[in-house]
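Source file: entry01.cif; contents: mmCIF, C-alpha atoms and all ligand atoms.
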data_input
#
loop_
_atom_site.group_PDB
_atom_site.id
_atom_site.type_symbol
_atom_site.label_atom_id
_atom_site.label_comp_id
_atom_site.auth_asym_id
_atom_site.auth_seq_id
_atom_site.Cartn_x
_atom_site.Cartn_y
_atom_site.Cartn_z
ATOM 1 C CA MET H 135 41.988 -2.173 5.169
ATOM 2 C CA ASP H 136 40.456 0.000 7.863
ATOM 3 C CA PHE H 137 40.739 2.984 5.578
ATOM 4 C CA LEU H 138 38.959 1.120 2.775
ATOM 5 C CA SER H 139 36.145 -0.122 5.018
ATOM 6 C CA ASN H 140 35.719 3.431 6.378
ATOM 7 C CA ILE H 141 35.319 4.729 2.831
ATOM 8 C CA ILE H 142 32.781 2.012 2.022
ATOM 9 C CA GLU H 143 30.902 2.809 5.229
ATOM 10 C CA ALA H 144 30.877 6.529 4.435
ATOM 11 C CA PHE H 145 29.278 5.843 1.056
ATOM 12 C CA SER H 146 26.777 3.215 2.278
ATOM 13 C CA PHE H 147 23.167 3.805 3.182
ATOM 14 C CA PRO H 148 22.311 4.471 6.826
ATOM 15 C CA ASP H 149 20.760 1.698 8.937
ATOM 16 C CA LEU H 150 17.414 0.542 7.620
ATOM 17 C CA ALA H 151 14.552 -0.128 10.046
ATOM 18 C CA SER H 152 11.489 -0.243 7.792
ATOM 19 C CA GLN H 153 10.103 -2.801 5.370
ATOM 20 C CA ASP H 154 9.724 -0.654 2.229
ATOM 21 C CA GLY H 155 12.595 1.734 2.995
ATOM 22 C CA GLY H 156 14.836 -0.263 0.667
ATOM 23 C CA LYS H 157 12.736 0.966 -2.267
ATOM 24 C CA VAL H 158 13.799 4.558 -1.524
ATOM 25 C CA ASP H 159 17.421 3.331 -1.561
ATOM 26 C CA GLY H 160 16.606 1.652 -4.879
ATOM 27 C CA LEU H 161 15.489 5.006 -6.294
ATOM 28 C CA VAL H 162 18.675 6.700 -5.069
ATOM 29 C CA ILE H 163 20.795 3.951 -6.683
ATOM 30 C CA ALA H 164 18.797 4.120 -9.950
ATOM 31 C CA VAL H 165 19.260 7.915 -10.209
ATOM 32 C CA HIS H 166 23.000 7.581 -9.539
ATOM 33 C CA LEU H 167 23.386 4.849 -12.173
ATOM 34 C CA LEU H 168 21.614 7.036 -14.722
ATOM 35 C CA MET H 169 23.872 9.973 -13.858
ATOM 36 C CA LEU H 170 26.904 7.670 -14.181
ATOM 37 C CA ALA H 171 25.767 6.613 -17.664
ATOM 38 C CA LEU H 172 25.326 10.282 -18.680
ATOM 39 C CA PHE H 173 28.712 11.167 -17.209
ATOM 40 C CA VAL H 174 30.481 8.386 -19.118
ATOM 41 C CA GLY H 175 28.669 9.413 -22.339
ATOM 42 C CA TRP H 176 29.737 13.036 -21.985
ATOM 43 C CA ILE H 177 33.343 12.110 -21.139
ATOM 44 C CA ILE H 178 33.581 9.932 -24.288
ATOM 45 C CA TYR H 179 32.117 12.755 -26.400
ATOM 46 C CA TYR H 180 34.555 15.219 -24.816
ATOM 47 C CA PHE H 181 37.661 13.168 -25.644
ATOM 48 C CA VAL H 182 36.441 12.323 -29.145
ATOM 49 C CA ALA H 183 35.924 16.082 -29.777
ATOM 50 C CA ILE H 184 39.382 16.949 -28.401
ATOM 51 C CA PHE H 185 40.993 14.285 -30.602
ATOM 52 C CA LYS H 186 39.024 15.055 -33.763
ATOM 53 C CA PHE H 187 39.477 18.810 -33.665
ATOM 54 C CA ARG H 188 43.110 18.790 -32.480
ATOM 55 C CA ALA H 189 45.348 21.704 -33.581
ATOM 56 C CA SER H 190 47.746 19.562 -35.651
ATOM 57 C CA ARG H 191 44.902 18.420 -37.887
ATOM 58 C CA ASN H 192 43.168 21.795 -38.000
ATOM 59 C CA PRO H 193 45.930 24.454 -38.115
ATOM 60 C CA SER H 194 43.468 27.261 -38.823
ATOM 61 C CA ALA H 195 40.055 27.611 -37.158
ATOM 62 C CA ASP H 196 37.028 26.727 -39.232
ATOM 63 C CA TYR H 197 34.422 29.461 -38.609
ATOM 64 C CA LYS H 198 31.598 27.598 -40.326
ATOM 65 C CA GLY H 199 31.802 24.697 -37.850
ATOM 66 C CA LEU H 200 30.037 21.388 -38.115
ATOM 67 C CA LYS H 201 27.275 21.108 -40.745
ATOM 68 C CA SER H 202 25.957 17.666 -39.882
ATOM 69 C CA LYS H 203 23.015 17.473 -37.440
ATOM 70 C CA THR H 204 23.889 13.919 -36.300
ATOM 71 C CA VAL H 205 25.693 14.939 -33.129
ATOM 72 C CA THR H 206 23.078 17.533 -32.058
ATOM 73 C CA ASN H 207 20.242 15.114 -32.756
ATOM 74 C CA SER H 208 21.819 12.224 -30.888
ATOM 75 C CA VAL H 209 22.567 14.452 -27.873
ATOM 76 C CA GLU H 210 18.987 15.698 -27.812
ATOM 77 C CA GLY H 211 17.710 12.123 -28.219
ATOM 78 C CA GLY H 212 19.928 11.035 -25.311
ATOM 79 C CA VAL H 213 18.498 13.777 -23.091
ATOM 80 C CA ILE H 214 14.927 12.733 -23.911
ATOM 81 C CA VAL H 215 15.687 9.047 -23.219
ATOM 82 C CA ALA H 216 17.405 9.890 -19.908
ATOM 83 C CA GLU H 217 14.478 12.045 -18.813
ATOM 84 C CA LEU H 218 11.980 9.348 -19.732
ATOM 85 C CA ILE H 219 13.930 6.734 -17.762
ATOM 86 C CA LEU H 220 14.068 9.133 -14.814
ATOM 87 C CA VAL H 221 10.312 9.748 -14.854
ATOM 88 C CA ILE H 222 9.418 6.049 -15.222
ATOM 89 C CA VAL H 223 11.857 4.736 -12.601
ATOM 90 C CA ALA H 224 11.008 7.555 -10.164
ATOM 91 C CA THR H 225 7.251 7.014 -10.535
ATOM 92 C CA TYR H 226 7.707 3.272 -9.998
ATOM 93 C CA TYR H 227 9.712 3.667 -6.777
ATOM 94 C CA TRP H 228 7.890 6.733 -5.465
ATOM 95 C CA ASN H 229 4.628 4.817 -5.704
ATOM 96 C CA PHE H 230 5.725 2.648 -2.742
ATOM 97 C CA TYR H 231 6.392 5.750 -0.703
ATOM 98 C CA VAL H 232 3.240 7.775 -1.246
ATOM 99 C CA ASN H 233 0.531 5.275 -2.148
ATOM 100 C CA GLU H 234 -1.930 4.098 0.449
ATOM 101 C CA ALA H 235 -0.691 1.116 2.392
ATOM 102 C CA ASP H 236 -3.006 -1.905 2.103
ATOM 103 C CA ASP H 237 -3.633 -1.619 5.829
ATOM 104 C CA TYR H 238 -3.674 2.180 5.731
ATOM 105 C CA ALA H 239 -5.818 3.818 8.372
ATOM 106 C CA ASP H 240 -7.343 7.263 8.110
ATOM 107 C CA VAL H 241 -9.487 9.228 10.460
ATOM 108 C CA GLN H 242 -12.567 9.038 8.250
ATOM 109 C CA ALA H 243 -12.384 5.253 8.029
ATOM 110 C CA ILE H 244 -11.924 5.012 11.778
ATOM 111 C CA LYS H 245 -15.072 7.075 12.307
ATOM 112 C CA MET H 246 -16.958 4.648 10.073
ATOM 113 C CA GLY H 247 -15.599 1.786 12.175
ATOM 114 C CA LYS H 248 -13.988 0.270 9.092
ATOM 115 C CA ARG H 249 -10.313 0.452 9.763
ATOM 116 C CA ASP H 250 -7.814 -0.099 12.515
ATOM 117 C CA MET H 251 -6.167 2.622 14.468
ATOM 118 C CA HIS H 252 -2.514 2.950 13.752
ATOM 119 C CA VAL H 253 -2.806 6.671 13.425
ATOM 120 C CA VAL H 254 -0.645 9.093 15.261
ATOM 121 C CA ARG H 255 -1.293 12.746 14.607
ATOM 122 C CA VAL H 256 2.007 14.569 14.913
ATOM 123 C CA THR H 257 1.897 18.336 15.238
ATOM 124 C CA ALA H 258 5.136 20.232 14.764
ATOM 125 C CA GLU H 259 5.750 23.511 16.511
ATOM 126 C CA GLN H 260 8.668 25.831 17.110
ATOM 127 C CA PHE H 261 10.659 23.829 18.288
ATOM 128 C CA GLY H 262 9.442 20.327 18.988
ATOM 129 C CA TRP H 263 7.184 17.444 18.022
ATOM 130 C CA ASN H 264 3.871 16.706 19.757
ATOM 131 C CA ALA H 265 1.802 13.578 19.214
ATOM 132 C CA HIS H 266 -1.917 12.979 19.604
ATOM 133 C CA TYR H 267 -3.196 9.369 19.665
ATOM 134 C CA PRO H 268 -6.775 8.146 19.201
ATOM 135 C CA GLY H 269 -6.413 5.776 22.180
ATOM 136 C CA LEU H 270 -7.900 2.289 22.409
ATOM 137 C CA ASP H 271 -11.205 3.273 20.718
ATOM 138 C CA GLY H 272 -9.243 4.145 17.561
ATOM 139 C CA ARG H 273 -10.942 7.511 17.218
ATOM 140 C CA LEU H 274 -9.332 10.910 17.550
ATOM 141 C CA GLY H 275 -11.196 13.460 19.631
ATOM 142 C CA LYS H 276 -12.591 16.564 17.955
ATOM 143 C CA GLN H 277 -10.194 19.518 17.747
ATOM 144 C CA ASP H 278 -10.942 23.221 17.563
ATOM 145 C CA LYS H 279 -8.157 25.663 16.843
ATOM 146 C CA SER H 280 -9.748 28.384 18.993
ATOM 147 C CA LEU H 281 -9.325 26.129 22.058
ATOM 148 C CA VAL H 282 -5.545 25.726 21.645
ATOM 149 C CA SER H 283 -3.754 26.936 24.774
ATOM 150 C CA GLY H 284 -0.852 26.006 27.045
ATOM 151 C CA GLU H 285 -3.047 23.511 28.937
ATOM 152 C CA ASN H 286 -4.799 22.232 25.803
ATOM 153 C CA PRO H 287 -2.068 22.124 23.143
ATOM 154 C CA PHE H 288 -4.171 20.165 20.639
ATOM 155 C CA GLY H 289 -7.347 22.193 21.175
ATOM 156 C CA LEU H 290 -9.372 19.113 22.155
ATOM 157 C CA VAL H 291 -13.093 19.694 22.560
ATOM 158 C CA GLU H 292 -13.777 18.699 26.171
ATOM 159 C CA ASP H 293 -17.178 16.976 25.899
ATOM 160 C CA ASP H 294 -16.374 14.888 22.803
ATOM 161 C CA VAL H 295 -16.649 11.174 23.713
ATOM 162 C CA ASN H 296 -14.010 10.124 21.181
ATOM 163 C CA GLY H 297 -11.474 12.358 22.892
ATOM 164 C CA VAL H 298 -11.936 10.856 26.355
ATOM 165 C CA ASP H 299 -9.234 8.184 25.980
ATOM 166 C CA ASP H 300 -6.974 10.131 23.609
ATOM 167 C CA ILE H 301 -3.301 10.329 24.447
ATOM 168 C CA GLU H 302 -1.250 13.498 24.259
ATOM 169 C CA VAL H 303 2.534 13.384 24.125
ATOM 170 C CA LEU H 304 4.327 16.696 24.385
ATOM 171 C CA LYS H 305 7.917 16.878 23.185
ATOM 172 C CA GLU H 306 8.601 13.322 24.364
ATOM 173 C CA ASP H 307 9.102 9.975 22.597
ATOM 174 C CA ILE H 308 6.501 9.357 19.872
ATOM 175 C CA VAL H 309 5.595 5.726 20.593
ATOM 176 C CA VAL H 310 4.590 3.494 17.659
ATOM 177 C CA PRO H 311 3.972 -0.252 17.525
ATOM 178 C CA LEU H 312 5.737 -3.066 15.665
ATOM 179 C CA ILE H 313 2.831 -5.409 14.933
ATOM 180 C CA TYR H 314 3.426 -8.677 13.084
ATOM 181 C CA ASN H 315 0.691 -9.911 10.784
ATOM 182 C CA TYR H 316 -0.878 -13.349 11.133
ATOM 183 C CA ARG H 317 -2.363 -14.358 7.789
ATOM 184 C CA VAL H 318 -5.423 -16.623 7.914
ATOM 185 C CA GLU H 319 -4.599 -19.748 5.866
ATOM 186 C CA ASN H 320 -7.703 -21.690 6.794
ATOM 187 C CA PRO H 321 -10.655 -19.869 8.358
ATOM 188 C CA GLY H 322 -12.153 -23.116 9.729
ATOM 189 C CA ASP H 323 -15.863 -22.863 10.355
ATOM 190 C CA ALA H 324 -16.329 -19.279 9.119
ATOM 191 C CA SER H 325 -19.784 -18.966 10.702
ATOM 192 C CA LYS H 326 -18.127 -19.435 14.097
ATOM 193 C CA THR H 327 -14.708 -17.835 13.693
ATOM 194 C CA LYS H 328 -15.962 -14.983 11.434
ATOM 195 C CA LEU H 329 -12.637 -15.147 9.569
ATOM 196 C CA GLU H 330 -11.870 -14.870 5.868
ATOM 197 C CA LEU H 331 -9.107 -16.534 3.897
ATOM 198 C CA GLY H 332 -6.111 -14.203 3.694
ATOM 199 C CA GLN H 333 -7.343 -11.893 6.454
ATOM 200 C CA LEU H 334 -4.604 -10.299 8.543
ATOM 201 C CA LEU H 335 -4.739 -10.584 12.324
ATOM 202 C CA THR H 336 -2.577 -8.920 14.936
ATOM 203 C CA GLU H 337 -0.868 -11.115 17.506
ATOM 204 C CA THR H 338 -3.380 -10.006 20.170
ATOM 205 C CA GLU H 339 -6.321 -10.873 17.917
ATOM 206 C CA TYR H 340 -4.719 -14.216 17.038
ATOM 207 C CA ILE H 341 -4.208 -15.142 20.692
ATOM 208 C CA SER H 342 -7.703 -14.111 21.790
ATOM 209 C CA LEU H 343 -9.345 -15.974 18.870
ATOM 210 C CA THR H 344 -7.317 -19.076 19.686
ATOM 211 C CA GLU H 345 -8.439 -18.823 23.308
ATOM 212 C CA MET H 346 -12.045 -18.331 22.234
ATOM 213 C CA HIS H 347 -12.335 -21.117 19.641
ATOM 214 C CA GLY H 348 -9.554 -23.504 20.588
ATOM 215 C CA PRO H 349 -6.175 -23.988 18.843
ATOM 216 C CA ASP H 350 -7.508 -26.185 16.007
ATOM 217 C CA ALA H 351 -10.528 -24.095 14.987
ATOM 218 C CA PHE H 352 -8.581 -22.117 12.353
ATOM 219 C CA GLU H 353 -5.100 -21.747 10.913
ATOM 220 C CA ALA H 354 -3.053 -18.559 10.692
ATOM 221 C CA ILE H 355 0.672 -18.104 10.091
ATOM 222 C CA LYS H 356 3.055 -15.281 10.912
ATOM 223 C CA ASP H 357 3.979 -14.336 7.334
ATOM 224 C CA GLY H 358 6.829 -11.943 8.147
ATOM 225 C CA THR H 359 4.966 -8.780 7.132
ATOM 226 C CA VAL H 360 4.259 -6.000 9.598
ATOM 227 C CA ARG H 361 1.453 -3.501 9.952
ATOM 228 C CA SER H 362 1.873 0.067 8.705
ATOM 229 C CA VAL H 363 2.214 2.907 11.129
ATOM 230 C CA THR H 364 0.395 5.941 9.789
ATOM 231 C CA ILE H 365 1.437 9.380 10.901
ATOM 232 C CA ASP H 366 -0.835 12.282 10.134
ATOM 233 C CA LEU H 367 1.471 15.278 9.927
ATOM 234 C CA THR H 368 0.580 18.889 10.533
ATOM 235 C CA SER H 369 2.124 22.051 11.941
ATOM 236 C CA LYS H 370 1.008 24.720 14.372
ATOM 237 C CA ASP H 371 3.133 27.606 13.118
ATOM 238 C CA VAL H 372 5.579 27.392 10.183
ATOM 239 C CA ILE H 373 6.666 24.687 7.733
ATOM 240 C CA HIS H 374 8.700 21.934 9.401
ATOM 241 C CA ASN H 375 9.824 18.586 8.025
ATOM 242 C CA PHE H 376 9.535 15.200 9.727
ATOM 243 C CA LYS H 377 12.602 13.203 8.776
ATOM 244 C CA VAL H 378 13.527 9.795 10.196
ATOM 245 C CA LEU H 379 16.406 8.322 8.208
ATOM 246 C CA PRO H 380 16.179 4.645 9.293
ATOM 247 C CA PHE H 381 12.533 4.563 8.118
ATOM 248 C CA ARG H 382 13.409 6.518 4.920
ATOM 249 C CA ILE H 383 10.642 9.021 5.546
ATOM 250 C CA CYS H 384 10.919 12.763 4.987
ATOM 251 C CA GLN H 385 7.791 14.883 4.709
ATOM 252 C CA ASP H 386 6.943 18.556 5.160
ATOM 253 C CA ALA H 387 4.546 19.433 7.979
ATOM 254 C CA ILE H 388 2.486 22.366 6.742
ATOM 255 C CA PRO H 389 0.128 24.539 8.805
ATOM 256 C CA GLY H 390 -3.499 23.964 7.787
ATOM 257 C CA LEU H 391 -2.828 20.645 6.060
ATOM 258 C CA ASN H 392 -2.952 17.057 7.350
ATOM 259 C CA ILE H 393 -0.472 14.984 5.373
ATOM 260 C CA PRO H 394 -0.438 11.231 6.011
ATOM 261 C CA ILE H 395 2.781 9.230 5.719
ATOM 262 C CA HIS H 396 3.314 5.580 6.455
ATOM 263 C CA PHE H 397 6.093 3.096 7.101
ATOM 264 C CA LYS H 398 6.445 -0.453 8.400
ATOM 265 C CA PRO H 399 8.941 -0.574 11.265
ATOM 266 C CA THR H 400 11.002 -3.768 11.406
ATOM 267 C CA ARG H 401 13.128 -3.216 14.521
ATOM 268 C CA LEU H 402 12.364 -2.147 18.070
ATOM 269 C CA GLY H 403 14.274 0.854 19.380
ATOM 270 C CA ARG H 404 14.496 4.636 19.471
ATOM 271 C CA TYR H 405 15.073 6.589 16.267
ATOM 272 C CA GLN H 406 15.924 10.256 15.911
ATOM 273 C CA VAL H 407 13.536 12.673 14.219
ATOM 274 C CA THR H 408 15.194 15.687 12.648
ATOM 275 C CA CYS H 409 13.460 18.743 11.290
ATOM 276 C CA ALA H 410 14.539 19.011 7.653
ATOM 277 C CA GLN H 411 13.207 22.521 6.987
ATOM 278 C CA LEU H 412 14.915 25.615 8.321
ATOM 279 C CA CYS H 413 12.096 26.726 10.625
ATOM 280 C CA GLY H 414 13.555 29.395 12.889
ATOM 281 C CA ASP H 415 16.405 30.080 15.305
ATOM 282 C CA GLY H 416 15.740 26.874 17.291
ATOM 283 C CA HIS H 417 15.719 24.662 14.186
ATOM 284 C CA ALA H 418 18.965 22.890 15.066
ATOM 285 C CA ARG H 419 17.641 21.693 18.418
ATOM 286 C CA MET H 420 14.274 20.592 17.037
ATOM 287 C CA ARG H 421 14.948 16.931 17.591
ATOM 288 C CA GLY H 422 12.466 14.252 18.484
ATOM 289 C CA VAL H 423 12.373 10.507 18.970
ATOM 290 C CA VAL H 424 10.195 7.803 17.444
ATOM 291 C CA LYS H 425 10.148 4.823 19.793
ATOM 292 C CA VAL H 426 9.151 1.486 18.274
ATOM 293 C CA VAL H 427 7.702 -0.908 20.867
ATOM 294 C CA SER H 428 6.256 -4.429 20.703
ATOM 295 C CA GLU H 429 2.507 -4.951 20.318
ATOM 296 C CA LYS H 430 2.146 -5.945 23.989
ATOM 297 C CA GLU H 431 4.020 -2.861 25.235
ATOM 298 C CA TRP H 432 1.998 -0.697 22.825
ATOM 299 C CA ILE H 433 -1.335 -1.823 24.298
ATOM 300 C CA GLU H 434 -0.019 -1.381 27.850
ATOM 301 C CA TRP H 435 1.344 2.044 26.965
ATOM 302 C CA GLN H 436 -1.995 3.169 25.535
ATOM 303 C CA LYS H 437 -3.862 1.938 28.616
ATOM 304 C CA SER H 438 -1.574 3.703 31.053
ATOM 305 C CA ASN H 439 -1.272 6.955 29.110
ATOM 306 C CA SER H 440 -4.818 7.692 28.002
ATOM 307 C CA ASN H 441 -6.366 10.979 29.072
ATOM 308 C CA ALA H 442 -9.103 8.996 30.840
ATOM 309 C CA VAL H 443 -6.507 7.350 33.088
ATOM 310 C CA LYS H 444 -4.819 10.692 33.690
ATOM 311 C CA SER H 445 -8.056 12.387 34.708
ATOM 312 C CA THR H 446 -9.069 9.582 37.118
ATOM 313 C CA GLN H 447 -5.602 9.831 38.643
ATOM 314 C CA GLN H 448 -6.098 13.566 39.009
ATOM 315 C CA ILE H 449 -9.485 12.989 40.653
ATOM 316 C CA SER H 450 -8.068 10.448 43.079
ATOM 317 C CA LEU H 451 -5.145 12.761 43.854
ATOM 318 C CA SER H 452 -7.420 15.704 44.515
ATOM 319 C CA SER H 453 -9.691 13.634 46.774
ATOM 320 C CA GLU H 454 -6.610 12.597 48.754
ATOM 321 C CA ASP H 455 -5.755 16.289 49.066
ATOM 322 C CA GLU H 456 -9.176 16.977 50.485
ATOM 323 C CA SER H 457 -8.985 14.179 53.037
ATOM 324 C CA ALA H 458 -5.473 15.277 54.119
HETATM 325 CU CU CU H 501 11.209 22.639 12.473
#
Will you turn the file into structure tokens for me?
Amino acid sequence: MDFLSNIIEAFSFPDLASQDGGKVDGLVIAVHLLMLALFVGWIIYYFVAIFKFRASRNPSADYKGLKSKTVTNSVEGGVIVAELILVIVATYYWNFYVNEADDYADVQAIKMGKRDMHVVRVTAEQFGWNAHYPGLDGRLGKQDKSLVSGENPFGLVEDDVNGVDDIEVLKEDIVVPLIYNYRVENPGDASKTKLELGQLLTETEYISLTEMHGPDAFEAIKDGTVRSVTIDLTSKDVIHNFKVLPFRICQDAIPGLNIPIHFKPTRLGRYQVTCAQLCGDGHARMRGVVKVVSEKEWIEWQKSNSNAVKSTQQISLSSEDESA
């Protein structure tokens, strides 16, 4: 039995830790089923041909061959149908992977103050993954490629206010939050609560609104959905690929381009990032980690890691040096 369960395990999908990841598995299954149907069709055709044109029935070869077009036409028709199915099914599933999430956040929207801030800009380099966070203000600091250096790996412009509380993570765990949605079922007195029916709140927002207006002022339920994490991918040198199997994401990081990808993490924990493009002699050791933390930890982590905190710590350290 062990042998059988090992075989089943070897052919099963890896652990799933994202909400829409199952759709990618669905696409893989659909493509395999289509290939199975084609395989069975060809095998039947093969044996029918062997039987029909067997040597005992056809002692001498017929050099004119088959005149009827039925077989050729049905094979060509089959190919067209299979390709159509492939295109339709693939477009349907792929849509979930590349479309904009309903709570999708992009830098432009953040600047306009319209969207939330679940953006992490991940920059690949030979051979590691670096992350740049907008910090608690939800806005990424300005970057200038001519400023990139060992001390300033993201080329942040020093006097840009948006960059003050940014967070830079160099070749360490890329921290992302697991935030549950609270859907507003009854906004109560909307002039007071400023809520809309169906609006999604984070747990922190839900708690602070409850504290502000009292527990009966409005109604919101945890509906089991989670907020998207958006990663803005780019590369400093060559083409790399950000692949995290449990989230079913795999996307090239290309120098000069910012490519957004999104997923909805469903489990806390650390997940391995592998580079899925041969990017140089250190490719095999280009591993990273995405660490999914709870909303509370995420806020704490942002507070304690922002550049603003780091620079005040540096100031206080240097003043201690002076007094010593
Ligand atoms: Cu790489």
**Request:** Using only C-alpha atoms and all ligand atoms, find each residue with an atom at most 6 Å away from ligand CU 501 (chain H) and format the answer as a list in words.
**Result:**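 Residues lying within 6 Å of ligand CU 501 (chain H): Phe261, His374, Cys409, Gln411, Cys413, His417 and Met420 of chain H.
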**Request:** Rounded to one decimal place, report the atom CA of H:Gly297-atom CA of H:Gly269 distance in Å.
**Result:**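 For atom CA of H:Gly297 relative to atom CA of H:Gly269, the distance reads 8.3 Å.
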**Item:** Close residues, stretch 168-173 of chain H itself excluded, 10 Å, only C-alpha atoms, min 4 positions apart in chain, as a PyMOL selection string
**Value:** chain H and resi 163-164+177-179+212-213+216-217+219-220
Take the selection from the previous step and output its residues with C-alpha atoms, as a compact mmCIF listing (two decimals), in the frame of the given file.
# COMPACT_ATOMS: atom_id res chain seq x y z
CA ILE H 163 20.80 3.95 -6.68
CA ALA H 164 18.80 4.12 -9.95
CA ILE H 177 33.34 12.11 -21.14
CA ILE H 178 33.58 9.93 -24.29
CA TYR H 179 32.12 12.76 -26.40
CA GLY H 212 19.93 11.04 -25.31
CA VAL H 213 18.50 13.78 -23.09
CA ALA H 216 17.40 9.89 -19.91
CA GLU H 217 14.48 12.04 -18.81
CA ILE H 219 13.93 6.73 -17.76
CA LEU H 220 14.07 9.13 -14.81
**Request:** Give me the residues within 10 Å of H:Leu402 as an MDAnalysis selection string, counting all atoms listed in the file and dropping any in the same chain fewer than 6 places off.
**Result:** chainID H and resid 151 310:312 425:428
Set up a box along x, y and z of the file covering all listed atoms of stretch 327-336 of chain H, add 4 Å on every one of the six sides, and write the centre and edge lengths in Å to one decimal, as lines of an AutoDock Vina configuration file.
center_x = -9.3
center_y = -13.4
center_z = 9.3
size_x = 21.4
size_y = 16.9
size_z = 19.2
**Item:** Residues near stretch 387-392 of chain H, cut-off 8 Å, only C-alpha atoms, skip fewer than 4 positions along chain, as a list in words
**Value:** Thr257, Ala258, Asp366, Leu367, Thr368, Ser369, Lys370, Asp371, Val372, Ile373, His374, Asn375 and Phe376 of chain H
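Each of H:Ala189, H:Val174, H:Ala351, H:Val303 was compared to H:Trp435 using all atoms listed in the file, and H:Val303 turns out to be the nearest.
Interatomic distance, atom CA of H:Lys437 against atom CA of H:Leu274: 15.3 Å.
Evaluated on this file, the PyMOL selection byres (((chain H and resi 362) around 6) and not hetatm) matches Arg361, Val363, Phe397 and Lys398 of chain H.
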**Message:** as JSON, numbers by chain, please: the residues near H:Lys328 (cut-off 12 Å, only C-alpha atoms, same-chain neighbours under 6 positions excluded).
**Reply:** {"H": [318, 320, 321, 322, 343, 346, 347, 351, 352]}
Just-selected residues, C-alpha atoms written as a compact mmCIF listing (two decimals), in the frame of the given file:
# COMPACT_ATOMS: atom_id res chain seq x y z
CA VAL H 318 -5.42 -16.62 7.91
CA ASN H 320 -7.70 -21.69 6.79
CA PRO H 321 -10.66 -19.87 8.36
CA GLY H 322 -12.15 -23.12 9.73
CA LEU H 343 -9.35 -15.97 18.87
CA MET H 346 -12.04 -18.33 22.23
CA HIS H 347 -12.34 -21.12 19.64
CA ALA H 351 -10.53 -24.10 14.99
CA PHE H 352 -8.58 -22.12 12.35
**Message:** Just checking: using all atoms listed in the file, which residue out of H:Val254, H:Glu302, H:Val209, H:Gly199 ends up closest to H:Gly175?
**Reply:**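 The closest residue to H:Gly175 is H:Val209.
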**Message:** Using only C-alpha atoms, which protein or nucleic acid residues come within 10 Å of H:Asp293? Drop anything in the same chain fewer than 5 positions from it, and give the result as a ChimeraX atom specification.
**Reply:** /H:275-276,298
Just the selected residues (C-alpha atoms), exported as a short mmCIF file (atom, residue, chain, number, x, y, z; two decimals), in the coordinates of the input, please.
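So result.cif came out as:
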data_model
loop_
_atom_site.label_atom_id
_atom_site.label_comp_id
_atom_site.auth_asym_id
_atom_site.auth_seq_id
_atom_site.Cartn_x
_atom_site.Cartn_y
_atom_site.Cartn_z
CA GLY H 275 -11.20 13.46 19.63
CA LYS H 276 -12.59 16.56 17.95
CA VAL H 298 -11.94 10.86 26.36
#
**Request:** Could you list the residues chosen by the PyMOL selection byres (((chain H and resi 333) around 10) and not hetatm) in this structure as an MDAnalysis selection string?
**Result:** chainID H and resid 315:321 329:332 334:335 354
Output C-alpha atoms for every residue in the selection just made, as a short mmCIF file (atom, residue, chain, number, x, y, z; two decimals), in the coordinates of the input.
data_model
loop_
_atom_site.label_atom_id
_atom_site.label_comp_id
_atom_site.auth_asym_id
_atom_site.auth_seq_id
_atom_site.Cartn_x
_atom_site.Cartn_y
_atom_site.Cartn_z
CA ASN H 315 0.69 -9.91 10.78
CA TYR H 316 -0.88 -13.35 11.13
CA ARG H 317 -2.36 -14.36 7.79
CA VAL H 318 -5.42 -16.62 7.91
CA GLU H 319 -4.60 -19.75 5.87
CA ASN H 320 -7.70 -21.69 6.79
CA PRO H 321 -10.66 -19.87 8.36
CA LEU H 329 -12.64 -15.15 9.57
CA GLU H 330 -11.87 -14.87 5.87
CA LEU H 331 -9.11 -16.53 3.90
CA GLY H 332 -6.11 -14.20 3.69
CA LEU H 334 -4.60 -10.30 8.54
CA LEU H 335 -4.74 -10.58 12.32
CA ALA H 354 -3.05 -18.56 10.69
#
**Item:** Interatomic distance, atom CA of H:Gly289 to atom CA of H:Gln277 (Å, one decimal)
**Value:** 5.2 Å
